[in-house]
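Take a look at the structure below.
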Amino acid sequence: MGPWTAAYKRFRDSLAEERKKVGLTQHELAARLKRPQSFVSKYERGERRLDVVEFAAVARALGIDPIRFLRRLYDEEL
């Protein structure tokens with residue numbers, strides 16, 4: 001697994017942890033995003049990647065600060 005793949009896995013695993021921390025199911029998050037449940041499932045499993053606009057929408061739906069979220073991931077890399 002290359003460094004970009006490992007970093008993206010941490011990113012998607014962290015998003016799934018945040019979803020669970022706020023007590024949402026994939027279905028509930030998908031409803032907030034007005035997307036099918038498979039959208040959430042696929043990015044959490046790594047079957048699809050989120051672009052920056054989609055990530056911002058997910059962060060908003062989770063009620064998390066996207067900058068703080070990314071800062072934490074960045075700090076873990078160091």
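Going through the structure tokens in order, the chains are called A, B, and so on, while each chain numbers its residues from 1 and the ligands are numbered from 1 in the order shown.
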
As a VMD selection string, please: the residues near A:Ala56 (cut-off 12 Å, only C-alpha atoms, same-chain neighbours under 3 positions excluded). chain A and resid 15 33 50 to 53 59 to 70

Leaving out A:Ser41 and any residue of its chain fewer than 2 positions from it, which residues lie within 12 Å of it when counting only C-alpha atoms, given as a PyMOL selection string? chain A and resi 12-13+15-16+19+25-30+35-39+43-50

Output as an MDAnalysis selection string all residues of stretch 5-57 of chain A that backbone DSSP marks as helix (DSSP H, G or I). chainID A and resid 5:21 26:33 37:45 52:57

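The nearest approach to A:Leu73 among the residues A:Arg10, A:Thr5, A:Leu24, A:Glu54, with only C-alpha atoms taken into account, belongs to A:Arg10.
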
Which residue is closest to A:Arg72? Choose from A:Phe55, A:Lys42, A:Lys20, A:Phe11 and count only C-alpha atoms.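 For A:Arg72, the nearest of the candidates is A:Phe11.
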
One decimal place gives the atom CA of A:Lys34-atom CA of A:Arg71 separation as 27.1 Å
